[in-house]
>>> print(open('structure.cif').read())   # mmCIF, C-alpha atoms
data_model
loop_
_atom_site.label_atom_id
_atom_site.label_comp_id
_atom_site.auth_asym_id
_atom_site.auth_seq_id
_atom_site.Cartn_x
_atom_site.Cartn_y
_atom_site.Cartn_z
CA MET J 177 -32.28 14.47 -17.83
CA SER J 178 -29.40 15.64 -20.05
CA THR J 179 -26.40 13.39 -20.58
CA ARG J 180 -24.36 15.99 -18.72
CA SER J 181 -26.51 15.91 -15.58
CA LYS J 182 -26.77 12.12 -15.73
CA PHE J 183 -22.97 11.91 -15.69
CA ASP J 184 -22.73 14.46 -12.89
CA ASN J 185 -25.31 12.57 -10.84
CA LYS J 186 -23.41 9.34 -11.17
CA LEU J 187 -20.18 11.07 -10.21
CA VAL J 188 -21.89 12.51 -7.13
CA HIS J 189 -23.03 9.01 -6.26
CA LEU J 190 -19.45 7.72 -6.57
CA LYS J 191 -18.24 10.49 -4.28
CA GLU J 192 -20.93 9.61 -1.73
CA LYS J 193 -19.72 6.01 -1.73
CA LEU J 194 -16.17 7.31 -1.25
CA LEU J 195 -17.27 9.38 1.74
CA GLU J 196 -19.02 6.36 3.24
CA MET J 197 -15.82 4.36 2.79
CA GLU J 198 -13.74 7.16 4.28
CA GLY J 199 -16.04 7.29 7.32
CA LEU J 200 -15.55 3.58 7.95
CA ALA J 201 -11.77 3.80 7.51
CA GLU J 202 -11.51 6.80 9.85
CA GLN J 203 -13.53 4.96 12.49
CA ALA J 204 -11.40 1.84 12.08
CA ILE J 205 -8.23 3.90 12.51
CA LYS J 206 -9.56 5.58 15.67
CA ASN J 207 -10.75 2.25 17.08
CA SER J 208 -7.41 0.59 16.38
CA LEU J 209 -5.46 3.17 18.40
CA SER J 210 -8.06 3.12 21.15
CA ALA J 211 -7.74 -0.68 21.25
CA LEU J 212 -3.97 -0.26 21.62
CA VAL J 213 -4.15 2.44 24.30
CA ASN J 214 -6.84 0.66 26.36
CA GLN J 215 -5.51 -2.85 25.67
CA ASP J 216 -8.94 -3.78 24.40
CA SER J 217 -8.50 -6.94 22.31
CA GLU J 218 -12.23 -7.18 21.60
CA LYS J 219 -12.16 -3.79 19.89
CA ALA J 220 -8.98 -4.80 18.03
CA ASN J 221 -10.72 -7.90 16.69
CA LEU J 222 -13.69 -5.80 15.63
CA VAL J 223 -11.37 -3.59 13.55
CA ILE J 224 -9.83 -6.66 11.91
CA HIS J 225 -13.18 -8.21 11.03
CA SER J 226 -14.78 -4.99 9.81
CA ASP J 227 -12.09 -4.43 7.19
CA SER J 228 -13.91 -6.63 4.67
CA GLN J 229 -16.65 -3.95 4.57
CA ILE J 230 -14.10 -1.34 3.48
CA ASN J 231 -12.62 -3.73 0.91
CA ALA J 232 -16.10 -4.50 -0.48
CA LEU J 233 -16.80 -0.77 -0.85
CA GLU J 234 -13.56 -0.32 -2.77
CA HIS J 235 -14.59 -3.10 -5.17
CA GLU J 236 -18.04 -1.54 -5.55
CA ILE J 237 -16.58 1.89 -6.31
CA HIS J 238 -14.12 0.37 -8.76
CA ASP J 239 -16.82 -1.56 -10.61
CA LYS J 240 -19.19 1.42 -10.72
CA ALA J 241 -16.45 3.77 -11.91
CA LEU J 242 -15.44 1.51 -14.80
CA LEU J 243 -19.07 0.92 -15.78
CA LEU J 244 -19.57 4.69 -15.78
CA ILE J 245 -16.67 5.01 -18.22
CA THR J 246 -18.06 2.34 -20.55
CA ARG J 247 -21.52 3.93 -20.56
CA GLU J 248 -20.65 7.60 -20.85
CA SER J 249 -17.26 7.50 -22.59
CA PRO J 250 -16.13 10.63 -20.77
CA VAL J 251 -13.11 12.59 -21.98
CA ALA J 252 -10.59 15.03 -20.50
CA ARG J 253 -11.69 16.42 -17.15
CA ASP J 254 -14.56 13.93 -16.70
CA LEU J 255 -12.32 10.95 -17.33
CA ARG J 256 -9.77 12.41 -14.92
CA SER J 257 -12.49 12.69 -12.26
CA ILE J 258 -13.16 8.99 -12.46
CA ASN J 259 -9.46 8.16 -12.59
CA VAL J 260 -8.96 10.15 -9.39
CA ALA J 261 -12.00 8.56 -7.68
CA LEU J 262 -10.39 5.16 -8.33
CA LYS J 263 -7.11 6.34 -6.86
CA VAL J 264 -8.71 7.91 -3.79
CA SER J 265 -10.65 4.72 -3.06
CA SER J 266 -7.41 2.70 -3.22
CA GLU J 267 -5.71 5.08 -0.80
CA ILE J 268 -8.62 4.81 1.65
CA GLU J 269 -8.59 1.02 1.37
CA ARG J 270 -4.89 1.02 2.29
CA MET J 271 -5.65 3.19 5.31
CA GLY J 272 -8.14 0.54 6.41
CA ASP J 273 -5.31 -1.99 6.15
CA MET J 274 -3.17 0.20 8.41
CA ALA J 275 -5.97 0.16 11.02
CA VAL J 276 -5.92 -3.65 10.82
CA ASN J 277 -2.15 -3.63 11.29
CA ILE J 278 -2.41 -1.40 14.36
CA ALA J 279 -5.15 -3.65 15.76
CA LYS J 280 -2.90 -6.69 15.23
CA ALA J 281 -0.05 -4.92 17.04
CA ALA J 282 -2.46 -4.20 19.93
CA ILE J 283 -3.24 -7.92 20.11
CA HIS J 284 0.47 -8.82 19.98
CA ILE J 285 1.15 -6.54 22.95
CA GLY J 286 -1.90 -7.92 24.76
CA ASN J 287 -2.10 -7.10 28.44
CA GLU J 288 1.62 -6.54 28.93
CA MET J 289 2.10 -3.38 30.99
CA HIS J 290 2.91 -0.44 28.70
CA ILE J 291 6.45 0.74 29.18
CA LYS J 292 5.36 4.33 28.64
CA GLU J 293 2.17 6.26 28.20
CA ILE J 294 1.07 6.37 24.61
CA VAL J 295 0.74 10.14 24.48
CA GLU J 296 3.02 11.00 21.56
CA LEU J 297 1.64 8.16 19.48
CA GLN J 298 -1.82 9.65 19.97
CA LYS J 299 -0.49 13.07 18.98
CA MET J 300 1.06 11.65 15.83
CA MET J 301 -2.20 9.89 15.03
CA ASP J 302 -4.16 13.13 15.60
CA THR J 303 -1.98 14.86 13.00
CA ALA J 304 -2.41 11.95 10.57
CA LEU J 305 -6.19 12.05 11.04
CA GLU J 306 -6.18 15.82 10.55
CA MET J 307 -4.36 15.24 7.27
CA LEU J 308 -6.94 12.64 6.25
CA SER J 309 -9.74 15.08 6.94
CA MET J 310 -7.95 17.87 5.04
CA SER J 311 -7.26 15.68 2.03
CA ILE J 312 -10.88 14.52 1.79
CA LYS J 313 -12.17 18.09 2.15
CA ALA J 314 -9.71 19.18 -0.52
CA TYR J 315 -10.94 16.38 -2.78
CA ILE J 316 -14.63 17.14 -2.34
CA SER J 317 -14.21 20.90 -2.78
CA GLU J 318 -11.39 20.51 -5.34
CA ASP J 319 -9.26 22.87 -3.26
CA ILE J 320 -5.63 22.62 -4.34
CA LEU J 321 -4.40 25.04 -1.68
CA LEU J 322 -5.86 22.83 1.05
CA ALA J 323 -4.32 19.81 -0.69
CA GLN J 324 -0.93 21.50 -0.58
CA LYS J 325 -1.39 22.44 3.09
CA CYS J 326 -2.22 18.82 3.85
CA ALA J 327 0.90 17.56 2.10
CA GLU J 328 3.05 20.06 4.01
CA LYS J 329 1.86 18.51 7.27
CA ASP J 330 3.45 15.24 6.21
CA ASP J 331 6.84 16.62 7.29
CA GLU J 332 5.50 16.96 10.85
CA VAL J 333 4.43 13.33 10.90
CA ASP J 334 7.75 12.20 9.43
CA LYS J 335 9.60 14.14 12.15
CA MET J 336 7.40 12.67 14.88
CA PHE J 337 8.05 9.21 13.41
CA GLY J 338 11.83 9.68 13.48
CA TYR J 339 11.73 11.11 17.00
CA LEU J 340 9.40 8.44 18.41
CA VAL J 341 11.25 5.46 16.95
CA HIS J 342 14.49 6.93 18.27
CA GLU J 343 12.91 7.32 21.72
CA LEU J 344 11.53 3.79 21.65
CA ILE J 345 14.96 2.40 20.77
CA GLY J 346 16.38 4.33 23.72
CA LEU J 347 14.04 2.47 26.08
CA VAL J 348 15.43 -0.93 25.13
CA PRO J 349 18.53 -1.12 27.43
CA GLU J 350 16.46 -0.45 30.56
CA ASN J 351 13.60 -2.70 29.42
CA PRO J 352 15.22 -5.76 27.86
CA ASN J 353 12.07 -7.80 28.48
CA ALA J 354 9.86 -5.33 26.67
CA THR J 355 11.56 -5.54 23.28
CA ASN J 356 8.57 -7.21 21.67
CA GLN J 357 6.37 -4.33 22.80
CA ILE J 358 8.95 -1.80 21.66
CA ILE J 359 9.17 -3.36 18.19
CA GLN J 360 5.37 -3.51 17.96
CA LEU J 361 5.12 0.16 18.94
CA SER J 362 7.76 1.04 16.35
CA PHE J 363 5.65 -0.76 13.77
CA VAL J 364 2.61 1.24 14.90
CA CYS J 365 4.59 4.47 14.39
CA ARG J 366 5.30 3.26 10.89
CA PHE J 367 1.61 2.48 10.24
CA ILE J 368 0.58 5.96 11.37
CA GLU J 369 3.24 7.49 9.14
CA ARG J 370 1.76 5.44 6.26
CA ILE J 371 -1.72 6.82 6.98
CA ALA J 372 -0.25 10.31 6.60
CA ASP J 373 1.43 9.24 3.33
CA HIS J 374 -1.90 8.01 1.95
CA SER J 375 -3.46 11.41 2.71
CA THR J 376 -0.56 13.04 0.88
CA ASN J 377 -1.26 10.74 -2.07
CA ILE J 378 -4.92 11.83 -2.03
CA SER J 379 -3.71 15.45 -2.04
CA GLU J 380 -1.50 14.75 -5.06
CA ASN J 381 -4.56 13.36 -6.81
CA VAL J 382 -6.57 16.50 -6.02
CA ILE J 383 -3.86 18.58 -7.68
CA TYR J 384 -3.89 16.23 -10.68
CA LEU J 385 -7.69 16.42 -10.84
CA VAL J 386 -7.71 20.22 -10.95
CA THR J 387 -4.57 20.97 -12.95
CA GLY J 388 -4.16 17.81 -15.05
CA LYS J 389 -0.54 17.69 -13.91
CA ARG J 390 1.09 15.14 -11.65
CA TYR J 391 3.27 16.34 -8.80
CA GLU J 392 5.00 14.25 -6.18
CA LEU J 393 4.40 16.05 -2.91
CA ASN J 394 5.66 13.17 -0.83
CA THR J 395 9.41 13.18 -1.44
CA MET C 200 -8.53 -5.04 -38.38
CA SER C 201 -11.70 -6.16 -36.59
CA THR C 202 -12.83 -4.34 -33.45
CA ARG C 203 -12.17 -7.55 -31.56
CA SER C 204 -8.53 -7.83 -32.64
CA LYS C 205 -8.02 -4.09 -32.10
CA PHE C 206 -9.17 -4.50 -28.51
CA ASP C 207 -7.02 -7.60 -28.01
CA ASN C 208 -3.98 -5.82 -29.44
CA LYS C 209 -4.42 -2.93 -27.06
CA LEU C 210 -4.81 -5.32 -24.15
CA VAL C 211 -1.60 -7.09 -25.16
CA HIS C 212 0.13 -3.71 -25.23
CA LEU C 213 -1.12 -2.98 -21.70
CA LYS C 214 0.20 -6.32 -20.51
CA GLU C 215 3.59 -5.60 -22.11
CA LYS C 216 3.77 -2.32 -20.20
CA LEU C 217 2.88 -4.23 -17.03
CA LEU C 218 5.70 -6.71 -17.65
CA GLU C 219 8.12 -3.84 -18.22
CA MET C 220 6.99 -2.32 -14.91
CA GLU C 221 7.28 -5.66 -13.14
CA GLY C 222 10.84 -6.09 -14.46
CA LEU C 223 11.84 -2.73 -13.03
CA ALA C 224 10.19 -3.43 -9.68
CA GLU C 225 11.82 -6.85 -9.41
CA GLN C 226 15.22 -5.36 -10.18
CA ALA C 227 14.66 -2.60 -7.61
CA ILE C 228 13.72 -5.17 -4.96
CA LYS C 229 16.82 -7.26 -5.68
CA ASN C 230 19.06 -4.18 -5.68
CA SER C 231 17.59 -2.95 -2.41
CA LEU C 232 18.45 -6.17 -0.56
CA SER C 233 21.85 -6.34 -2.19
CA ALA C 234 22.44 -2.72 -1.04
CA LEU C 235 21.52 -3.81 2.49
CA VAL C 236 23.66 -6.96 2.50
CA ASN C 237 26.71 -5.27 0.95
CA GLN C 238 26.19 -1.94 2.75
CA ASP C 239 26.25 -0.22 -0.61
CA SER C 240 24.67 3.18 -0.12
CA GLU C 241 25.25 4.16 -3.75
CA LYS C 242 23.09 1.25 -4.89
CA ALA C 243 20.49 2.13 -2.24
CA ASN C 244 20.29 5.69 -3.57
CA LEU C 245 19.92 4.37 -7.10
CA VAL C 246 16.89 2.32 -6.01
CA ILE C 247 15.34 5.39 -4.36
CA HIS C 248 15.85 7.59 -7.42
CA SER C 249 14.71 5.00 -9.95
CA ASP C 250 11.30 4.61 -8.29
CA SER C 251 9.89 7.55 -10.24
CA GLN C 252 10.23 5.44 -13.40
CA ILE C 253 7.99 2.76 -11.90
CA ASN C 254 5.49 5.38 -10.74
CA ALA C 255 5.43 6.95 -14.20
CA LEU C 256 4.72 3.57 -15.77
CA GLU C 257 1.81 3.04 -13.38
CA HIS C 258 0.34 6.39 -14.43
CA GLU C 259 0.85 5.52 -18.10
CA ILE C 260 -0.88 2.14 -17.68
CA HIS C 261 -3.72 3.76 -15.76
CA ASP C 262 -4.28 6.43 -18.40
CA LYS C 263 -4.08 3.95 -21.27
CA ALA C 264 -6.45 1.52 -19.58
CA LEU C 265 -9.11 4.15 -18.96
CA LEU C 266 -8.77 5.50 -22.50
CA LEU C 267 -9.21 1.96 -23.80
CA ILE C 268 -12.47 1.72 -21.84
CA THR C 269 -13.77 5.03 -23.21
CA ARG C 270 -12.93 4.03 -26.80
CA GLU C 271 -14.04 0.41 -26.86
CA SER C 272 -16.75 0.36 -24.16
CA PRO C 273 -15.91 -3.24 -23.27
CA VAL C 274 -18.31 -5.33 -21.21
CA ALA C 275 -18.14 -8.39 -18.96
CA ARG C 276 -14.86 -10.28 -19.31
CA ASP C 277 -13.13 -7.55 -21.34
CA LEU C 278 -13.98 -4.87 -18.79
CA ARG C 279 -12.77 -7.19 -16.04
CA SER C 280 -9.46 -7.63 -17.89
CA ILE C 281 -8.85 -3.92 -17.77
CA ASN C 282 -10.02 -3.66 -14.18
CA VAL C 283 -7.49 -6.33 -13.23
CA ALA C 284 -4.68 -4.70 -15.25
CA LEU C 285 -5.27 -1.55 -13.19
CA LYS C 286 -5.13 -3.51 -9.95
CA VAL C 287 -2.00 -5.43 -10.92
CA SER C 288 -0.20 -2.21 -11.84
CA SER C 289 -1.07 -0.73 -8.41
CA GLU C 290 0.28 -3.81 -6.65
CA ILE C 291 3.54 -3.62 -8.60
CA GLU C 292 3.86 0.07 -7.86
CA ARG C 293 3.55 -0.69 -4.12
CA MET C 294 6.27 -3.32 -4.45
CA GLY C 295 8.52 -0.62 -5.90
CA ASP C 296 7.76 1.43 -2.78
CA MET C 297 8.85 -1.50 -0.61
CA ALA C 298 12.19 -1.60 -2.48
CA VAL C 299 12.59 2.11 -1.68
CA ASN C 300 11.82 1.40 1.99
CA ILE C 301 14.41 -1.37 2.14
CA ALA C 302 16.95 0.91 0.45
CA LYS C 303 16.23 3.60 3.05
CA ALA C 304 16.73 1.07 5.85
CA ALA C 305 20.08 0.13 4.28
CA ILE C 306 21.08 3.79 4.38
CA HIS C 307 19.91 4.11 8.02
CA ILE C 308 22.11 1.17 9.01
CA GLY C 309 25.00 2.58 6.98
CA ASN C 310 28.38 1.02 7.66
CA GLU C 311 27.56 -0.21 11.15
CA MET C 312 28.82 -3.78 11.51
CA HIS C 313 25.97 -6.23 10.98
CA ILE C 314 25.07 -8.05 14.18
CA LYS C 315 24.37 -11.20 12.22
CA GLU C 316 24.69 -12.49 8.71
CA ILE C 317 21.67 -11.62 6.62
CA VAL C 318 21.05 -15.19 5.46
CA GLU C 319 17.46 -15.74 6.59
CA LEU C 320 16.41 -12.32 5.32
CA GLN C 321 17.74 -13.33 1.91
CA LYS C 322 15.84 -16.63 2.13
CA MET C 323 12.63 -14.81 3.00
CA MET C 324 13.21 -12.44 0.09
CA ASP C 325 13.85 -15.36 -2.28
CA THR C 326 10.45 -16.81 -1.35
CA ALA C 327 8.78 -13.42 -1.81
CA LEU C 328 10.41 -13.03 -5.23
CA GLU C 329 9.35 -16.56 -6.18
CA MET C 330 5.79 -15.56 -5.28
CA LEU C 331 6.07 -12.43 -7.43
CA SER C 332 7.24 -14.49 -10.37
CA MET C 333 4.45 -17.07 -9.84
CA SER C 334 1.75 -14.40 -9.57
CA ILE C 335 2.87 -12.66 -12.76
CA LYS C 336 3.06 -15.97 -14.64
CA ALA C 337 -0.41 -16.84 -13.33
CA TYR C 338 -1.67 -13.46 -14.53
CA ILE C 339 -0.20 -13.71 -18.00
CA SER C 340 -1.35 -17.31 -18.56
CA GLU C 341 -4.59 -16.83 -16.56
CA ASP C 342 -3.70 -19.89 -14.50
CA ILE C 343 -5.81 -19.99 -11.35
CA LEU C 344 -4.09 -23.09 -9.96
CA LEU C 345 -0.74 -21.30 -10.08
CA ALA C 346 -2.39 -18.26 -8.49
CA GLN C 347 -3.62 -20.44 -5.64
CA LYS C 348 -0.20 -22.07 -5.24
CA CYS C 349 1.36 -18.62 -5.02
CA ALA C 350 -1.08 -17.52 -2.33
CA GLU C 351 -0.37 -20.66 -0.31
CA LYS C 352 3.29 -19.71 -0.17
CA ASP C 353 2.31 -16.57 1.71
CA ASP C 354 2.02 -18.64 4.90
CA GLU C 355 5.71 -19.55 4.60
CA VAL C 356 6.69 -15.90 4.38
CA ASP C 357 4.42 -15.00 7.30
CA LYS C 358 6.04 -17.72 9.39
CA MET C 359 9.55 -16.56 8.44
CA PHE C 360 8.51 -13.03 9.35
CA GLY C 361 7.30 -14.09 12.82
CA TYR C 362 10.40 -16.21 13.41
CA LEU C 363 12.87 -13.58 12.21
CA VAL C 364 11.39 -10.67 14.16
CA HIS C 365 11.36 -12.89 17.25
CA GLU C 366 15.01 -13.77 16.66
CA LEU C 367 15.94 -10.12 16.11
CA ILE C 368 14.24 -9.12 19.36
CA GLY C 369 16.22 -11.83 21.12
CA LEU C 370 19.47 -10.19 19.98
CA VAL C 371 18.69 -6.93 21.75
CA PRO C 372 19.86 -7.72 25.33
CA GLU C 373 23.34 -8.73 24.17
CA ASN C 374 23.55 -5.88 21.66
CA PRO C 375 22.06 -2.84 23.38
CA ASN C 376 23.98 -0.52 21.05
CA ALA C 377 22.61 -2.17 17.94
CA THR C 378 18.92 -1.50 18.61
CA ASN C 379 18.66 0.93 15.71
CA GLN C 380 19.96 -1.75 13.37
CA ILE C 381 17.66 -4.34 14.92
CA ILE C 382 14.60 -2.11 14.47
CA GLN C 383 15.63 -1.34 10.88
CA LEU C 384 16.06 -5.06 10.12
CA SER C 385 12.64 -5.76 11.68
CA PHE C 386 11.19 -3.13 9.36
CA VAL C 387 12.90 -4.82 6.41
CA CYS C 388 11.29 -8.13 7.43
CA ARG C 389 7.97 -6.33 7.35
CA PHE C 390 8.66 -4.84 3.88
CA ILE C 391 9.50 -8.30 2.50
CA GLU C 392 6.33 -9.69 4.02
CA ARG C 393 4.43 -6.88 2.26
CA ILE C 394 6.01 -7.81 -1.08
CA ALA C 395 4.62 -11.32 -0.58
CA ASP C 396 1.20 -9.83 0.30
CA HIS C 397 1.17 -7.83 -2.93
CA SER C 398 1.85 -11.02 -4.90
CA THR C 399 -1.05 -12.67 -3.08
CA ASN C 400 -3.22 -9.71 -4.08
CA ILE C 401 -2.18 -10.19 -7.72
CA SER C 402 -3.14 -13.88 -7.38
CA GLU C 403 -6.57 -12.88 -6.01
CA ASN C 404 -7.00 -10.68 -9.06
CA VAL C 405 -6.11 -13.56 -11.39
CA ILE C 406 -8.88 -15.65 -9.80
CA TYR C 407 -11.29 -12.72 -10.15
CA LEU C 408 -10.26 -12.28 -13.79
CA VAL C 409 -10.94 -15.91 -14.66
CA THR C 410 -13.95 -16.69 -12.46
CA GLY C 411 -15.54 -13.27 -12.00
CA LYS C 412 -15.61 -13.95 -8.25
CA ARG C 413 -13.64 -12.24 -5.55
CA TYR C 414 -11.84 -14.36 -2.98
CA GLU C 415 -9.61 -13.16 -0.18
CA LEU C 416 -6.65 -15.54 -0.19
CA ASN C 417 -4.66 -13.43 2.20
CA THR C 418 -6.38 -13.92 5.54
#
>>> encode(input="structure.cif", output="structure tokens")
Amino acid sequence: MSTRSKFDNKLVHLKEKLLEMEGLAEQAIKNSLSALVNQDSEKANLVIHSDSQINALEHEIHDKALLLITRESPVARDLRSINVALKVSSEIERMGDMAVNIAKAAIHIGNEMHIKEIVELQKMMDTALEMLSMSIKAYISEDILLAQKCAEKDDEVDKMFGYLVHELIGLVPENPNATNQIIQLSFVCRFIERIADHSTNISENVIYLVTGKRYELNT
Amino acid sequence: MSTRSKFDNKLVHLKEKLLEMEGLAEQAIKNSLSALVNQDSEKANLVIHSDSQINALEHEIHDKALLLITRESPVARDLRSINVALKVSSEIERMGDMAVNIAKAAIHIGNEMHIKEIVELQKMMDTALEMLSMSIKAYISEDILLAQKCAEKDDEVDKMFGYLVHELIGLVPENPNATNQIIQLSFVCRFIERIADHSTNISENVIYLVTGKRYELNT
């Protein structure tokens, strides 16, 4: 096999590992919100304990990527590809952490009756997950237009965040005994907003990968 | 110069860049809390705008580290040193983001009269900053005992976080009009707790650097 195809093969392998990691993180995120909505502490604990798998994959990708650099001494575009793979894996790992945080909030709320249906939170999460899916597609197909479209969606999530936290605060006077729940739900809003931010960061990396230039889309 | 000393020189240069970055992040963190305590929106805006400097340094360190790998093809301990430098720079960059978040919270609260003196928040921040300083010292001197001591302090911050958020929630019934401020201050508690987590992550990386084994100290 030529050196070129050997390098490409190893890069494909790295991307496969990234997709595996992304699959786990996406599932953890979905499970964490489902644990919150259905007050399912068993599922929440599962999310918390499964995070070590995502962390281990990040370490594996990191180690493999650096070994690939030492063995092939890539330059320019090839080096950038590995650089970006490292960055994308870090962003996915942080999303896994957000799933853990949401699961912990679910446990903090426990079986306390929800003061309102968690419909908007689910909607916000759906948009964040859509962004995650867009950013990963953009990364795999190196599609900078899709990356830009993903980053534009971040404004929607930011607006939902502002609106929801404002609404939650408004519920406090009538529900003075539910302040713990309200603070926990505000934290969850924040965690979802962070998931969207991480997808925006992946999108920025796609643009860097393709153009070699760094843009901050998340301002 | 021998290849060995060339490599070591470049590693020292990387570490100097990391220290420069850490200095900026530490200053940003201190400024962000001072902006909150003194309701100084000008200072808060300065923190927000200066973050791009920290981000740029992270990119520079990342690029230099990967170039160093392509040029010197280091193995074993040397490769691990660069791997850890990359990780440490990411952790510091995230701490800069936390400073921005605290600065934004300060702006959200604006000139609204504080419902309580921000003494405990400052205490919590002092512990987080002490952890940052310990973790960086541990990294530079490759001192795993200091790294462990730093990670142990994380429990203190976690406890302060739990206590403070609980106290803030307790203030809500008597201050129904200050819920926005209370939520913002709860977020700030969370950001400080994250700063401590990032220092724990740096400590984990110090232990990995020295022993070659990965431990999760932050559980």
>>> resolve_selection(input="structure.cif", expression="the PyMOL selection byres ((chain C) within 6 of (chain J))", output="list in words")
Ile268, Thr269, Ser272, Ile368, Pro372, Pro375 and Thr378 of chain C
>>> residues_near_point(input="structure.cif", point="(0.1, -6.1, -1.5)", cutoff="9 Å", atoms="all atoms listed in the file", output="number ranges by chain")
C: 289-291, 293-294, 393-401
>>> write_last_selection(input="structure.cif", atoms="C-alpha atoms", output="tab-separated table (two decimals), keeping the file's coordinate frame")
chain	number	residue	atom	x	y	z
C	289	SER	CA	-1.07	-0.73	-8.41
C	290	GLU	CA	0.28	-3.81	-6.65
C	291	ILE	CA	3.54	-3.62	-8.60
C	293	ARG	CA	3.55	-0.69	-4.12
C	294	MET	CA	6.27	-3.32	-4.45
C	393	ARG	CA	4.43	-6.88	2.26
C	394	ILE	CA	6.01	-7.81	-1.08
C	395	ALA	CA	4.62	-11.32	-0.58
C	396	ASP	CA	1.20	-9.83	0.30
C	397	HIS	CA	1.17	-7.83	-2.93
C	398	SER	CA	1.85	-11.02	-4.90
C	399	THR	CA	-1.05	-12.67	-3.08
C	400	ASN	CA	-3.22	-9.71	-4.08
C	401	ILE	CA	-2.18	-10.19	-7.72
>>> residues_around(input="structure.cif", residues="C:Asn300", least_positions_apart="6", cutoff="9 Å", atoms="all atoms listed in the file", output="list in words")
Ser231, Ile247, Phe386, Val387 and Phe390 of chain C
>>> closest_residue(input="structure.cif", among="C:Cys349, C:Met324, C:Ala227, C:Ile308", to="C:Leu416", atoms="all atoms listed in the file")
C:Cys349
>>> resolve_selection(input="structure.cif", expression="the PyMOL selection byres ((chain C and resi 239) around 12)", output="MDAnalysis selection string")
chainID C and resid 230:238 240:246 302:311
>>> resolve_selection(input="structure.cif", expression="the PyMOL selection byres ((chain C and resi 222-224) around 8)", output="list in words")
Leu218, Glu219, Met220, Glu221, Glu225, Gln226, Ala227, Ile228, Ile253, Ile291, Glu292, Met294, Gly295 and Ala298 of chain C
>>> closest_residue(input="structure.cif", among="C:Val283, C:Ile391, C:Leu213, C:Met200", to="C:Lys229", atoms="all atoms listed in the file")
C:Ile391
>>> atom_distance(input="structure.cif", atom1="atom CA of C:Ser332", atom2="atom CA of C:Leu384")
24.2 Å
>>> atom_distance(input="structure.cif", atom1="atom CA of C:Ile335", atom2="atom CA of C:Tyr362")
27.5 Å
>>> atom_distance(input="structure.cif", atom1="atom CA of J:Thr303", atom2="atom CA of J:Ile278")
16.3 Å
>>> closest_residue(input="structure.cif", among="C:Leu320, C:Ala350, C:Met312, C:Leu408", to="C:Met333", atoms="only C-alpha atoms")
C:Ala350
